[in-house]
Structures are given as C-alpha cells and as structure tokens.
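See below for upload08.cif, which holds mmCIF, C-alpha atoms.
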```cif
data_input
#
loop_
_atom_site.label_atom_id
_atom_site.label_comp_id
_atom_site.auth_asym_id
_atom_site.auth_seq_id
_atom_site.Cartn_x
_atom_site.Cartn_y
_atom_site.Cartn_z
CA VAL A 52 -10.23 -36.74 28.12
CA THR A 53 -9.57 -39.15 25.28
CA ASN A 54 -12.89 -38.28 23.59
CA ARG A 55 -12.13 -34.57 23.74
CA LEU A 56 -8.76 -35.14 22.12
CA LEU A 57 -10.29 -37.24 19.38
CA VAL A 58 -12.79 -34.43 18.65
CA LYS A 59 -9.92 -31.94 18.39
CA MET A 60 -8.07 -34.27 16.04
CA ALA A 61 -11.14 -34.56 13.82
CA LEU A 62 -11.54 -30.77 13.73
CA ALA A 63 -7.88 -30.33 12.84
CA ALA A 64 -8.14 -32.90 10.08
CA GLY A 65 -11.22 -31.18 8.70
CA ALA A 66 -9.42 -27.84 8.72
CA ALA A 67 -6.53 -29.37 6.79
CA ARG A 68 -8.92 -30.67 4.13
CA VAL A 69 -10.84 -27.37 3.85
CA TRP A 70 -8.01 -24.86 3.89
CA GLY A 71 -5.11 -26.88 2.60
CA PRO A 72 -1.51 -25.70 2.54
CA SER A 73 -2.19 -22.77 0.18
CA ARG A 74 -3.66 -20.73 3.06
CA GLY A 75 -0.72 -21.46 5.32
CA LEU A 76 -2.96 -23.53 7.64
CA GLY A 77 -2.26 -27.01 6.25
CA ARG A 78 1.08 -27.47 7.99
CA ALA A 79 -0.24 -26.06 11.25
CA SER A 80 -3.20 -28.45 11.07
CA LEU A 81 -0.95 -31.44 10.48
CA GLN A 82 1.34 -30.43 13.33
CA LEU A 83 -1.70 -30.06 15.58
CA LEU A 84 -2.82 -33.54 14.51
CA ARG A 85 0.57 -34.96 15.40
CA ARG A 86 0.66 -33.27 18.78
CA LEU A 87 -2.90 -34.19 19.66
CA GLY A 88 -2.40 -37.72 18.35
CA THR A 89 0.67 -38.24 20.48
CA ARG A 90 -1.11 -36.99 23.59
CA GLY A 91 -4.19 -39.07 22.82
CA LEU A 92 -2.16 -42.26 22.51
CA ALA A 93 -0.35 -41.42 25.71
CA VAL A 94 -3.66 -41.27 27.58
CA SER A 95 -5.08 -44.39 25.94
CA HIS A 96 -1.92 -46.48 26.09
CA PRO A 97 0.44 -45.31 28.85
CA GLN A 98 2.70 -48.29 28.21
CA ARG A 99 3.49 -46.96 24.69
CA GLN A 100 4.42 -43.43 25.80
CA GLN A 101 7.90 -42.58 24.60
CA GLU A 102 9.92 -39.38 24.45
CA GLN A 103 10.57 -38.08 20.95
CA HIS A 104 13.86 -36.31 20.25
CA PHE A 105 14.34 -33.77 17.45
CA SER A 106 17.58 -32.36 16.19
CA SER A 107 17.91 -28.57 16.33
CA LEU A 108 17.91 -28.54 12.52
CA ASP A 109 14.37 -29.95 12.46
CA ASP A 110 13.07 -27.52 15.07
CA LYS A 111 10.81 -25.02 13.30
CA PRO A 112 9.50 -21.75 14.81
CA GLN A 113 5.86 -21.93 15.91
CA PHE A 114 5.43 -18.28 16.90
CA PRO A 115 2.11 -16.93 15.56
CA GLY A 116 3.49 -13.44 14.84
CA ALA A 117 5.91 -14.19 12.00
CA SER A 118 6.94 -16.73 9.39
CA ALA A 119 10.66 -17.41 9.68
CA GLU A 120 13.44 -19.87 10.36
CA PHE A 121 15.73 -20.18 13.37
CA ILE A 122 19.39 -19.16 13.00
CA ASP A 123 22.29 -19.75 15.36
CA LYS A 124 24.30 -16.61 14.58
CA LEU A 125 23.71 -13.20 16.19
CA GLU A 126 23.00 -10.78 13.36
CA PHE A 127 20.94 -7.59 13.16
CA MET A 128 19.01 -6.97 9.96
CA GLN A 129 20.50 -4.11 7.97
CA PRO A 130 18.25 -1.09 7.24
CA ASN A 131 19.07 -1.36 3.54
CA VAL A 132 17.78 -4.93 3.25
CA ILE A 133 15.20 -3.43 0.90
CA SER A 134 17.07 -0.78 -1.08
CA GLY A 135 17.44 0.45 -4.59
CA ILE A 136 13.83 -0.25 -5.51
CA PRO A 137 13.71 0.29 -9.29
CA ILE A 138 11.64 3.07 -10.87
CA TYR A 139 9.16 1.86 -13.46
CA ARG A 140 8.83 4.03 -16.56
CA VAL A 141 7.42 3.78 -20.06
CA MET A 142 8.80 6.90 -21.79
CA ASP A 143 12.23 8.41 -21.67
CA ARG A 144 12.73 12.17 -21.33
CA GLN A 145 12.38 12.65 -25.07
CA GLY A 146 8.95 11.00 -25.08
CA GLN A 147 10.18 7.78 -26.73
CA ILE A 148 8.60 4.49 -25.63
CA ILE A 149 11.32 2.33 -24.10
CA ASN A 150 9.59 -1.06 -24.15
CA PRO A 151 6.79 -1.33 -26.76
CA SER A 152 5.01 -3.99 -24.70
CA GLU A 153 4.48 -1.41 -21.94
CA ASP A 154 2.95 1.22 -24.25
CA PRO A 155 -0.67 1.62 -23.05
CA GLN A 156 -1.69 2.24 -26.69
CA LEU A 157 -4.05 5.03 -25.72
CA PRO A 158 -6.07 6.69 -28.48
CA GLN A 159 -5.12 10.17 -29.64
CA GLU A 160 -8.23 11.70 -28.09
CA LYS A 161 -7.36 10.43 -24.63
CA VAL A 162 -3.72 11.49 -24.84
CA LEU A 163 -4.86 14.96 -25.90
CA LYS A 164 -7.07 15.09 -22.81
CA PHE A 165 -4.04 14.18 -20.70
CA TYR A 166 -2.08 17.02 -22.22
CA LYS A 167 -4.82 19.64 -22.10
CA SER A 168 -5.65 18.81 -18.48
CA MET A 169 -2.00 19.15 -17.47
CA THR A 170 -1.41 22.39 -19.33
CA LEU A 171 -4.73 23.95 -18.28
CA LEU A 172 -3.80 23.21 -14.66
CA ASN A 173 -0.42 24.83 -15.25
CA THR A 174 -2.06 27.94 -16.69
CA MET A 175 -4.54 28.17 -13.80
CA ASP A 176 -1.67 27.84 -11.34
CA ARG A 177 0.21 30.75 -12.84
CA ILE A 178 -2.80 33.08 -12.80
CA LEU A 179 -3.94 32.20 -9.27
CA TYR A 180 -0.39 32.38 -7.92
CA GLU A 181 -0.05 35.91 -9.29
CA SER A 182 -3.49 36.85 -7.96
CA GLN A 183 -2.36 35.91 -4.46
CA ARG A 184 0.78 37.98 -4.87
CA GLN A 185 -1.47 40.90 -5.82
CA GLY A 186 -3.56 40.41 -2.66
CA ARG A 187 -6.68 39.26 -4.49
CA ILE A 188 -6.84 35.86 -2.75
CA SER A 189 -5.31 34.90 0.58
CA PHE A 190 -3.32 31.77 -0.25
CA TYR A 191 -2.40 29.37 -3.04
CA MET A 192 -0.43 26.21 -3.77
CA THR A 193 0.84 25.42 -7.25
CA ASN A 194 1.21 21.99 -8.85
CA TYR A 195 4.22 22.75 -11.06
CA GLY A 196 6.12 19.60 -12.00
CA GLU A 197 3.60 17.15 -10.52
CA GLU A 198 0.92 17.32 -13.18
CA GLY A 199 1.77 13.85 -14.50
CA THR A 200 1.06 12.19 -11.15
CA HIS A 201 -2.41 13.76 -11.03
CA VAL A 202 -3.58 13.12 -14.56
CA GLY A 203 -1.97 9.72 -15.08
CA SER A 204 -3.57 8.33 -11.93
CA ALA A 205 -6.96 10.02 -12.41
CA ALA A 206 -7.26 8.64 -15.95
CA ALA A 207 -6.78 5.08 -14.70
CA LEU A 208 -9.64 5.27 -12.21
CA ASP A 209 -13.35 4.71 -12.58
CA ASN A 210 -15.34 7.92 -12.27
CA THR A 211 -17.10 6.56 -9.18
CA ASP A 212 -13.86 5.73 -7.32
CA LEU A 213 -13.57 7.84 -4.20
CA VAL A 214 -10.64 10.27 -3.96
CA PHE A 215 -9.04 11.49 -0.74
CA GLY A 216 -6.52 14.20 -1.60
CA GLN A 217 -3.92 16.02 0.45
CA TYR A 218 -3.79 19.52 -1.04
CA ARG A 219 -1.78 19.25 -4.24
CA GLU A 220 -4.09 17.11 -6.39
CA ALA A 221 -6.04 19.72 -8.32
CA GLY A 222 -5.19 17.87 -11.54
CA VAL A 223 -7.33 14.92 -10.45
CA LEU A 224 -10.36 17.21 -10.29
CA MET A 225 -9.29 18.88 -13.52
CA TYR A 226 -9.26 15.52 -15.31
CA ARG A 227 -12.70 14.76 -13.88
CA ASP A 228 -13.97 17.93 -15.56
CA PHE A 229 -14.42 20.01 -12.42
CA PRO A 230 -15.36 23.42 -13.89
CA LEU A 231 -12.79 26.20 -13.90
CA GLU A 232 -15.49 28.41 -12.39
CA GLN A 233 -15.64 26.15 -9.33
CA PHE A 234 -11.87 26.20 -8.88
CA MET A 235 -12.07 29.98 -8.88
CA ASN A 236 -15.17 30.15 -6.67
CA GLN A 237 -13.42 28.05 -4.05
CA CYS A 238 -10.23 30.10 -4.08
CA TYR A 239 -12.23 33.32 -3.79
CA GLY A 240 -14.63 31.82 -1.24
CA ASN A 241 -17.56 33.49 -2.96
CA VAL A 242 -21.28 32.85 -2.82
CA ASN A 243 -21.06 30.05 -5.41
CA ASP A 244 -18.28 28.17 -3.60
CA LEU A 245 -19.42 24.60 -2.90
CA GLY A 246 -17.81 24.91 0.54
CA LYS A 247 -19.69 28.16 1.25
CA GLY A 248 -16.48 30.11 1.85
CA ARG A 249 -15.48 28.15 4.93
CA GLN A 250 -12.19 26.72 3.67
CA MET A 251 -8.81 28.12 2.73
CA PRO A 252 -8.09 28.35 -1.01
CA VAL A 253 -7.16 25.07 -2.79
CA HIS A 254 -9.19 23.00 -0.27
CA TYR A 255 -11.48 21.67 -2.98
CA GLY A 256 -14.26 19.14 -2.62
CA CYS A 257 -16.98 17.82 -4.92
CA LYS A 258 -19.52 15.17 -3.99
CA GLU A 259 -20.68 14.84 -7.60
CA ARG A 260 -17.14 13.91 -8.69
CA HIS A 261 -16.46 11.72 -5.65
CA PHE A 262 -13.67 13.96 -4.38
CA VAL A 263 -13.68 14.30 -0.58
CA THR A 264 -13.10 17.85 0.67
CA ILE A 265 -9.45 18.50 1.47
CA SER A 266 -8.40 19.04 5.07
CA SER A 267 -5.26 20.95 6.06
CA PRO A 268 -3.82 18.69 8.80
CA LEU A 269 -1.33 16.26 7.29
CA ALA A 270 -2.27 12.61 6.78
CA THR A 271 -5.68 12.72 8.48
CA GLN A 272 -7.16 11.56 5.18
CA ILE A 273 -5.21 8.28 5.22
CA PRO A 274 -7.10 6.37 7.94
CA GLN A 275 -10.33 7.99 6.75
CA ALA A 276 -9.70 6.64 3.25
CA VAL A 277 -9.08 3.17 4.66
CA GLY A 278 -12.41 3.31 6.47
CA ALA A 279 -14.15 4.31 3.24
CA ALA A 280 -12.44 1.45 1.38
CA TYR A 281 -13.50 -1.02 4.05
CA ALA A 282 -17.09 0.22 3.72
CA ALA A 283 -16.91 -0.22 -0.07
CA LYS A 284 -15.65 -3.77 0.43
CA ARG A 285 -18.47 -4.65 2.81
CA ALA A 286 -21.00 -3.16 0.42
CA ASN A 287 -19.49 -5.13 -2.48
CA ALA A 288 -19.55 -1.84 -4.38
CA ASN A 289 -16.99 -2.79 -7.08
CA ARG A 290 -15.13 0.46 -6.48
CA ILE A 291 -11.88 1.48 -4.88
CA VAL A 292 -10.56 4.40 -2.87
CA ILE A 293 -7.39 6.26 -3.81
CA CYS A 294 -5.59 8.26 -1.17
CA TYR A 295 -2.94 10.84 -2.11
CA PHE A 296 -0.23 12.12 0.20
CA GLY A 297 3.37 13.32 0.11
CA GLU A 298 6.50 11.68 1.44
CA GLY A 299 6.45 14.12 4.37
CA ALA A 300 2.92 13.08 5.35
CA ALA A 301 4.09 9.46 5.29
CA SER A 302 6.05 10.26 8.47
CA GLU A 303 2.84 10.96 10.35
CA GLY A 304 1.45 8.29 12.66
CA ASP A 305 -1.83 8.31 10.73
CA ALA A 306 0.00 6.91 7.69
CA HIS A 307 1.33 3.90 9.57
CA ALA A 308 -2.03 3.22 11.19
CA GLY A 309 -3.73 3.48 7.82
CA PHE A 310 -1.29 1.10 6.12
CA ASN A 311 -1.73 -1.53 8.79
CA PHE A 312 -5.52 -1.30 8.89
CA ALA A 313 -5.74 -1.52 5.11
CA ALA A 314 -3.56 -4.63 5.02
CA THR A 315 -5.20 -6.49 7.90
CA LEU A 316 -8.75 -5.61 6.81
CA GLU A 317 -7.87 -6.33 3.15
CA CYS A 318 -9.27 -3.06 1.82
CA PRO A 319 -9.51 -2.10 -1.88
CA ILE A 320 -7.41 1.06 -1.67
CA ILE A 321 -4.49 2.62 -3.54
CA PHE A 322 -2.08 4.62 -1.40
CA PHE A 323 -0.55 7.10 -3.84
CA CYS A 324 2.54 8.86 -2.51
CA ARG A 325 3.87 11.85 -4.42
CA ASN A 326 7.54 11.87 -3.45
CA ASN A 327 8.48 15.32 -4.72
CA GLY A 328 11.71 15.76 -2.80
CA TYR A 329 10.62 18.25 -0.15
CA ALA A 330 8.15 18.45 2.72
CA ILE A 331 7.93 22.25 2.72
CA SER A 332 11.65 22.87 3.44
CA THR A 333 12.59 19.40 4.70
CA PRO A 334 14.48 17.41 2.04
CA THR A 335 14.07 13.65 1.80
CA SER A 336 17.60 13.20 3.17
CA GLU A 337 16.29 14.52 6.49
CA GLN A 338 12.83 12.97 6.21
CA TYR A 339 13.79 9.27 6.28
CA ARG A 340 16.77 6.91 6.27
CA GLY A 341 15.22 3.99 4.40
CA ASP A 342 14.70 3.63 0.67
CA GLY A 343 11.78 5.99 0.25
CA ILE A 344 8.14 5.13 0.87
CA ALA A 345 7.69 2.08 -1.38
CA ALA A 346 10.12 0.16 0.84
CA ARG A 347 7.63 0.41 3.71
CA GLY A 348 4.88 -1.46 1.91
CA PRO A 349 6.25 -5.01 2.31
CA GLY A 350 6.56 -4.45 6.06
CA TYR A 351 2.81 -4.04 6.23
CA GLY A 352 2.09 -6.78 3.70
CA ILE A 353 1.17 -4.29 0.96
CA LEU A 354 2.04 -4.80 -2.72
CA SER A 355 4.15 -1.81 -3.71
CA ILE A 356 5.73 -0.20 -6.75
CA ARG A 357 7.88 2.85 -7.49
CA VAL A 358 7.18 4.74 -10.71
CA ASP A 359 8.54 7.72 -12.60
CA GLY A 360 6.00 10.38 -11.68
CA ASN A 361 7.10 12.55 -14.59
CA ASP A 362 6.03 9.80 -17.00
CA VAL A 363 2.26 10.05 -17.28
CA PHE A 364 2.03 6.63 -18.98
CA ALA A 365 3.98 4.89 -16.22
CA VAL A 366 1.66 6.43 -13.64
CA TYR A 367 -1.36 5.43 -15.71
CA ASN A 368 -0.23 1.80 -16.17
CA ALA A 369 0.64 1.32 -12.49
CA THR A 370 -2.60 2.85 -11.24
CA LYS A 371 -4.75 0.94 -13.71
CA GLU A 372 -3.25 -2.42 -12.73
CA ALA A 373 -3.41 -1.59 -9.03
CA ARG A 374 -7.06 -0.64 -9.39
CA ARG A 375 -7.90 -3.84 -11.27
CA ARG A 376 -6.30 -6.03 -8.65
CA ALA A 377 -7.60 -4.02 -5.69
CA VAL A 378 -11.17 -4.64 -6.86
CA ALA A 379 -10.63 -8.27 -7.85
CA GLU A 380 -8.57 -9.29 -4.83
CA ASN A 381 -9.66 -6.88 -2.09
CA GLN A 382 -6.20 -5.79 -1.11
CA PRO A 383 -4.30 -2.50 -0.79
CA PHE A 384 -1.57 -1.21 -3.07
CA LEU A 385 1.12 1.41 -2.54
CA ILE A 386 2.40 3.51 -5.44
CA GLU A 387 5.35 5.83 -4.88
CA ALA A 388 5.57 8.33 -7.72
CA MET A 389 9.01 9.96 -7.89
CA THR A 390 8.68 13.55 -9.05
CA TYR A 391 9.85 17.07 -8.19
CA ARG A 392 8.07 20.09 -6.76
CA ILE A 393 9.17 22.88 -9.07
CA GLY A 394 7.16 25.61 -7.37
CA HIS A 395 7.38 26.88 -3.81
CA HIS A 396 5.52 24.78 -1.24
CA SER A 397 2.89 27.51 -1.12
CA THR A 398 2.60 31.27 -1.33
CA SER A 399 3.76 31.30 2.32
CA ASP A 400 7.09 29.72 1.34
CA ASP A 401 10.29 30.93 -0.34
CA SER A 402 12.09 27.81 -1.51
CA SER A 403 15.20 29.75 -2.55
CA ALA A 404 16.13 29.65 1.13
CA TYR A 405 16.75 25.91 1.04
CA ARG A 406 17.46 24.89 -2.58
CA SER A 407 19.33 26.34 -5.52
CA VAL A 408 17.90 27.96 -8.62
CA ASP A 409 20.00 25.59 -10.74
CA GLU A 410 18.35 22.58 -9.11
CA VAL A 411 14.86 23.90 -9.86
CA ASN A 412 15.79 24.86 -13.42
CA TYR A 413 17.08 21.38 -14.15
CA TRP A 414 13.72 19.78 -13.41
CA ASP A 415 11.77 22.57 -15.07
CA LYS A 416 13.77 22.47 -18.31
CA GLN A 417 15.15 18.93 -18.54
CA ASP A 418 12.58 16.58 -17.02
CA HIS A 419 9.11 18.12 -16.93
CA PRO A 420 6.08 15.82 -17.34
CA ILE A 421 4.35 18.23 -19.72
CA SER A 422 7.31 18.56 -22.09
CA ARG A 423 7.83 14.79 -22.04
CA LEU A 424 4.25 14.15 -23.13
CA ARG A 425 4.48 16.90 -25.75
CA HIS A 426 7.53 15.20 -27.27
CA TYR A 427 5.55 11.95 -27.44
CA MET A 428 2.62 13.65 -29.20
CA GLN A 429 4.84 15.52 -31.65
CA SER A 430 6.68 12.34 -32.61
CA ARG A 431 3.33 10.87 -33.66
CA GLY A 432 2.16 13.94 -35.53
CA TRP A 433 -0.62 14.61 -33.00
CA TRP A 434 0.65 18.05 -31.98
CA ASP A 435 2.71 20.88 -33.43
CA ASP A 436 3.93 24.36 -32.55
CA GLU A 437 0.90 26.08 -34.06
CA GLN A 438 -1.50 23.97 -32.04
CA GLU A 439 0.57 24.62 -28.95
CA LYS A 440 0.44 28.36 -29.46
CA ALA A 441 -3.31 28.35 -30.13
CA TRP A 442 -4.07 26.14 -27.12
CA ARG A 443 -1.97 28.25 -24.76
CA LYS A 444 -3.87 31.34 -25.85
CA GLN A 445 -7.24 29.61 -25.60
CA SER A 446 -6.55 28.07 -22.19
CA ARG A 447 -5.40 31.38 -20.74
CA LYS A 448 -8.56 33.05 -22.00
CA LYS A 449 -10.73 30.37 -20.38
CA VAL A 450 -8.96 30.73 -17.05
CA MET A 451 -9.13 34.53 -17.10
CA GLU A 452 -12.86 34.51 -17.85
CA ALA A 453 -13.56 32.21 -14.89
CA PHE A 454 -11.20 34.27 -12.74
CA GLU A 455 -12.94 37.55 -13.50
CA GLN A 456 -16.41 36.10 -12.90
CA ALA A 457 -15.43 34.65 -9.53
CA GLU A 458 -13.81 37.87 -8.39
CA ARG A 459 -16.98 39.89 -9.03
CA LYS A 460 -19.30 37.65 -6.99
CA LEU A 461 -20.38 38.40 -3.44
CA LYS A 462 -19.09 36.53 -0.41
CA PRO A 463 -21.45 34.10 1.38
CA SER A 464 -23.72 35.41 4.13
CA PRO A 465 -22.03 35.56 7.56
CA SER A 466 -24.97 33.54 8.91
CA LEU A 467 -23.50 30.46 7.17
CA LEU A 468 -20.79 30.40 9.83
CA PHE A 469 -23.26 28.57 12.07
CA SER A 470 -25.06 26.19 9.72
CA ASP A 471 -24.50 22.68 8.34
CA VAL A 472 -22.99 21.20 11.49
CA TYR A 473 -25.96 20.32 13.69
CA GLN A 474 -29.41 19.25 12.60
CA GLU A 475 -30.78 21.29 15.49
CA MET A 476 -28.57 24.20 16.52
CA PRO A 477 -27.41 23.92 20.16
CA ALA A 478 -28.26 26.76 22.53
CA GLN A 479 -24.62 27.81 22.89
CA LEU A 480 -24.16 28.11 19.13
CA ARG A 481 -27.43 30.01 18.76
CA LYS A 482 -26.22 32.40 21.45
CA GLN A 483 -23.04 33.06 19.43
CA GLN A 484 -25.08 33.63 16.27
CA GLU A 485 -27.29 36.18 18.04
CA SER A 486 -24.22 37.88 19.49
CA LEU A 487 -22.70 38.27 16.01
CA ALA A 488 -25.96 39.68 14.66
CA ARG A 489 -26.08 42.31 17.44
CA HIS A 490 -22.43 43.18 16.88
CA LEU A 491 -22.90 43.71 13.14
CA GLN A 492 -26.05 45.73 13.73
CA THR A 493 -24.15 48.03 16.07
CA TYR A 494 -20.80 48.22 14.30
CA GLY A 495 -21.71 47.18 10.75
CA GLU A 496 -20.33 50.40 9.32
CA HIS A 497 -16.83 49.17 10.13
CA TYR A 498 -17.21 46.03 8.01
CA PRO A 499 -17.52 45.66 4.20
CA LEU A 500 -20.97 44.08 4.52
CA ASP A 501 -21.94 45.21 1.04
CA HIS A 502 -19.47 42.55 -0.25
CA PHE A 503 -21.51 39.80 1.42
CA GLU A 504 -24.76 38.20 0.40
CA LYS A 505 -27.65 39.44 2.54
#
```

Structure re-expressed in structure tokens:
Amino acid sequence: VTNRLLVKMALAAGAARVWGPSRGLGRASLQLLRRLGTRGLAVSHPQRQQEQHFSSLDDKPQFPGASAEFIDKLEFMQPNVISGIPIYRVMDRQGQIINPSEDPQLPQEKVLKFYKSMTLLNTMDRILYESQRQGRISFYMTNYGEEGTHVGSAAALDNTDLVFGQYREAGVLMYRDFPLEQFMNQCYGNVNDLGKGRQMPVHYGCKERHFVTISSPLATQIPQAVGAAYAAKRANANRIVICYFGEGAASEGDAHAGFNFAATLECPIIFFCRNNGYAISTPTSEQYRGDGIAARGPGYGILSIRVDGNDVFAVYNATKEARRRAVAENQPFLIEAMTYRIGHHSTSDDSSAYRSVDEVNYWDKQDHPISRLRHYMQSRGWWDDEQEKAWRKQSRKKVMEAFEQAERKLKPSPSLLFSDVYQEMPAQLRKQQESLARHLQTYGEHYPLDHFEK
C-alpha cells in the first residue's frame, strides 16, 4: 500500500512541475501531494498519526464543476449580475471618428468597396422586394438597416473562412463578389441556379466562396458550424468559421448546445449575433430577460463583445481581432451586433401590426449604417453628391440587367427533383420518379412544361 501511495505522490509532483499553477492544476497537485503524503505517513508510522483541524475560513471548495469560494450567507445571484454591457463603436452618427486610436485606417479603395457593397445590396433588395409584390418571385427578405453588420464582418475575414448564415446575410456574399446574376438566378430558381431550383428565394449557397447553403429552420447552422470549426482545428487549417444568427435564434436549444461544444472543444469560431430588435414580431423585451446575447458568453466560457452594428468600422475591428485570436488561440468568440431591422421580416410579414412608423423612420433617417459611412467618406473628400447620384443610377442598371436575364431563363428540369441525394437511387425513389414521368406524359397539357428545361 505504501509503495502505491509513493507512486501516486511522485505522479502528482511531476504533474505540478509540468503544468504549474498557470493551468489551474498546480494547487490541485500540491493538495493531492499533501493528502497522499499524510496517508502515506499514517501507514508507515501509525504512532505519528494525528488529526489535523482546519478553521472554516481555510476550508476551500474542492468541487470539480466550478471555481468558487464558500460563503456563510444565503443569497441568490441576481439575474442582472452581468448587465449594461457597453457597446463598442468607432464612429458617431455623423461619421466622425470618436477615438483616433480605434480608427482602422483603411485605404480609400477598401472603404469605397464597403460603401458600394452596402448600397448595391440595398438597391437589389428594393427591386427584388417589388418583384415579389408583383408576383414575379415567391418570397423575399430584405436586409435594410443591417448592411453594416454584413460588410464590416465579411471584410475582416479571410476569403477561405467558412460562413454559415441564417437568411439575412446576403451582404457577406455581396462583399465576396458573388455575382448579381447568381443572386437573381437563385431567387428565380432558374436553370442557372446553383441550387438547381430546390430552395426558397434568398437561400443562397456558394462552395467557391465558402458560403454554406442557407437552411430555413432556425439555429440548425450553429452546431453544424461548431463541427466545421472543430474539423478545421484538427486539420490545422489556419482558418476559422463564422456563424451568423439573430437574437431570436439564440433562444433555440441548438444555440446553447453550439456555444457549449465550441467552448469545451476550443473551436476557432466566431458566433455573430445580429440583434436587430425583433424576431419576426417578437420584440427583445419578450425574447429574453437578461442583458442581450453577449451576456450569455461568459457563462459558457466564451470571450464576448457587444458592438454598434450600424458602425461598419466597429464591426470590422471586432471581427478582425476575434478572427486573429480564434486562429492563434483556438477558442470561440461571441460578437453581438446591435442594429435595427428597418424592413419587414419578410414579404410574408406586415411589421406595421407590431411597431410604429415613427420607430422605423427614426432608424431609417437618423441612424442608418449607409448614411453614417457616407458622412465619413464625404468628410474626407472621398465622395460627393454627384458621385452618389451616378453610382445610384449605375447600380440600379446593373441590378435590373441581372434581374431581366434571370427572369427570361427556363426553370430546371423536373427530373432534378430526384438527383444529388443518393449515389445510387433507391428503388422507392426511382418508383416515384417513374410515377411523375407517367403523370406528366398523361396530363402534361395542364402544366407549363415549356417553361422548364427538357
């Protein structure tokens, strides 16, 4: 028995030398040494065995599940123990840099790309929204008011970083130079759609630009993104994953599971929450009682920050630093971007039923990310009213040309309903395919088959 105890003492001492106190194992190792040493002496020298008494003040918790101190007063922790998390920003609403040391000092060319990506997205939104209202496409979701969160974060990433979006991140693809034609092809579900017409409009995806195809169910992308980040870590790929979601999706169980897995597996991932005030019609006052989403990060052991989502430079700075550290340290980060959804949730929603016109107008006129960046550019002589007018005209022309081309193209062949799932088609699926073929052969005159590719 004594020999076994001496071996354990040696192992504990070795652990203390290797890990040291910086890993939180040094104290535990020393305590183990003391305990084992006391027991070892008791076995070897029974005559020396003595009881040791500790005062309650010296008694430290040894529970493995938490790091804490004992207290002798009954007290529940208040829910606002983490409250009033500050909002990091670089520019004020007039586009003036508040703290010069936080100015990212981006070159004019890059800032112009920020602005043109944001305004081109805005123009595309207006045209596709109207096209849905005219019955030309089935569905659409605008990005009004949230353009700064998309472009600021996308610009801070490496082009090979993997993106998992929710459904309101078209600006990320826009910044990565996803062609206007492909935006339109997807919304029209035509023969050139990368998804072969199988998805609802705005469910974009592009393997070439490392943008995972969007899925409608809320928050399913969060644990998937964590798995991808863990794979990147194991492959030592020097890349990160960024996962976008809204504050409403953060109430889903998948979000909590994803946060915990990312923290415990130490995954290089950025959780990017767009807190835009509403989850369809549910305001944040009914969505949660804590201090937003950033307050949840510390509970999972995740480094977190809250930023002004209408300040494209604040978003850029936060995402760039989070990316740098995620790669270098293999750990997750949570960014909560505070913004406002100016448009309806989607073309299936009428937001006037649950919020006032005055509220929407305030954010549209007084604190819009596009106007804030325009003020910044104008103050530096990089942009003026003539350039604005010319660009608006040019961008609308580009969008309309892509729109008209996409509308004229045929729809994909109905046979594609059955492909790209199984390497070898199962008998049951082949039976359904044959049944559809017979049906169309018999009743084809009742379908607009001339609109579909043969």

key: Expected selection from the PyMOL selection byres ((chain A and resi 383-397) around 6), given as a VMD selection string   = chain A and resid 191 to 192 195 to 196 318 to 328 331 345 353 to 361 382 398 to 400 402 411

query = Skipping near chain neighbours, those fewer than 3 positions away, what residues fall within 10 Å of Phe312 of chain A using all atoms listed in the file, listed as a ChimeraX atom specification?
reply = /A:274,277-278,281,306-309,315-318,351,383

query = A:Leu500, A:Ala207, A:Ala221, A:Ala457: which is nearest Asn243 of chain A, counting all atoms listed in the file?
reply =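 Checking each of A:Leu500, A:Ala207, A:Ala221, A:Ala457 against Asn243 of chain A, counting all atoms listed in the file, the winner is A:Ala457.
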
inquiry  = Taking 3 positions as the minimum chain separation for residues in the same chain, which residues sit within 12 Å of Ala488 of chain A when counting all atoms listed in the file? Answer as a VMD selection string.
reply    = chain A and resid 464 to 466 468 to 469 481 to 485 491 to 495

inquiry  = Using all atoms listed in the file, can you tell me which of A:Arg290, A:Lys161, A:Ile122, A:Ile178 comes closest to Ser446 of chain A?
reply    =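 Looking at the shortest contact to Ser446 of chain A, the residue is A:Ile178.
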
ask   = At what distance in Å, to one decimal, does atom CA of Gly350 of chain A lie from atom CA of Ala119 of chain A?
value =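 Atom-to-atom, atom CA of Ala119 of chain A and atom CA of Gly350 of chain A are spaced 14.1 Å apart.
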
message = Taking the file as I've supplied it (selection: the PyMOL selection byres ((chain A and resi 450) around 9)), which residues are included? Please answer as a count of residues only.
response = 17

Cut-off 12 Å around (-0.2, -1.2, -15.1) with all atoms listed in the file: residues as an mmCIF file with C-alpha atoms, keeping the file's coordinate frame:
```
data_model
loop_
_atom_site.group_PDB
_atom_site.id
_atom_site.type_symbol
_atom_site.label_atom_id
_atom_site.label_comp_id
_atom_site.auth_asym_id
_atom_site.auth_seq_id
_atom_site.Cartn_x
_atom_site.Cartn_y
_atom_site.Cartn_z
ATOM 1 C CA TYR A 139 9.160 1.860 -13.460
ATOM 2 C CA ARG A 140 8.830 4.030 -16.560
ATOM 3 C CA VAL A 141 7.420 3.780 -20.060
ATOM 4 C CA SER A 152 5.010 -3.990 -24.700
ATOM 5 C CA GLU A 153 4.480 -1.410 -21.940
ATOM 6 C CA ASP A 154 2.950 1.220 -24.250
ATOM 7 C CA PRO A 155 -0.670 1.620 -23.050
ATOM 8 C CA GLY A 203 -1.970 9.720 -15.080
ATOM 9 C CA SER A 204 -3.570 8.330 -11.930
ATOM 10 C CA ALA A 207 -6.780 5.080 -14.700
ATOM 11 C CA LEU A 208 -9.640 5.270 -12.210
ATOM 12 C CA ILE A 356 5.730 -0.200 -6.750
ATOM 13 C CA ARG A 357 7.880 2.850 -7.490
ATOM 14 C CA VAL A 358 7.180 4.740 -10.710
ATOM 15 C CA VAL A 363 2.260 10.050 -17.280
ATOM 16 C CA PHE A 364 2.030 6.630 -18.980
ATOM 17 C CA ALA A 365 3.980 4.890 -16.220
ATOM 18 C CA VAL A 366 1.660 6.430 -13.640
ATOM 19 C CA TYR A 367 -1.360 5.430 -15.710
ATOM 20 C CA ASN A 368 -0.230 1.800 -16.170
ATOM 21 C CA ALA A 369 0.640 1.320 -12.490
ATOM 22 C CA THR A 370 -2.600 2.850 -11.240
ATOM 23 C CA LYS A 371 -4.750 0.940 -13.710
ATOM 24 C CA GLU A 372 -3.250 -2.420 -12.730
ATOM 25 C CA ALA A 373 -3.410 -1.590 -9.030
ATOM 26 C CA ARG A 374 -7.060 -0.640 -9.390
ATOM 27 C CA ARG A 375 -7.900 -3.840 -11.270
ATOM 28 C CA ARG A 376 -6.300 -6.030 -8.650
ATOM 29 C CA ILE A 386 2.400 3.510 -5.440
#
```

ask   = Quick one: of A:His502, A:Tyr180, A:Ala286, A:Pro230, who's nearest to Glu458 of chain A, counting only C-alpha atoms?
value =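 Under the stated criterion, the closest residue is A:His502.
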
request  = Apply the PyMOL selection byres ((chain A and resi 236) around 12) to the displayed file and report the matching residues as an MDAnalysis selection string.
outcome  = chainID A and resid 179 188 229:235 237:256 453:463

Point-to-point distance from atom CA of Gln217 of chain A to atom CA of Val263 of chain A, Å rounded to tenths =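 Pair atom CA of Gln217 of chain A / atom CA of Val263 of chain A returns 10.0 Å.
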
inquiry  = For a test of reading the model, state the distance in Å between atom CA of Asp401 of chain A and atom CA of Asn173 of chain A, rounded to one decimal.
reply    = 19.3 Å

request  = Please provide as a ChimeraX atom specification all residues within 6 Å of segment 414-428 of chain A, with the sequence filter that same-chain residues fewer than 6 positions apart are discarded (counting all atoms listed in the file).
outcome  = /A:144-146,196,199,361,434
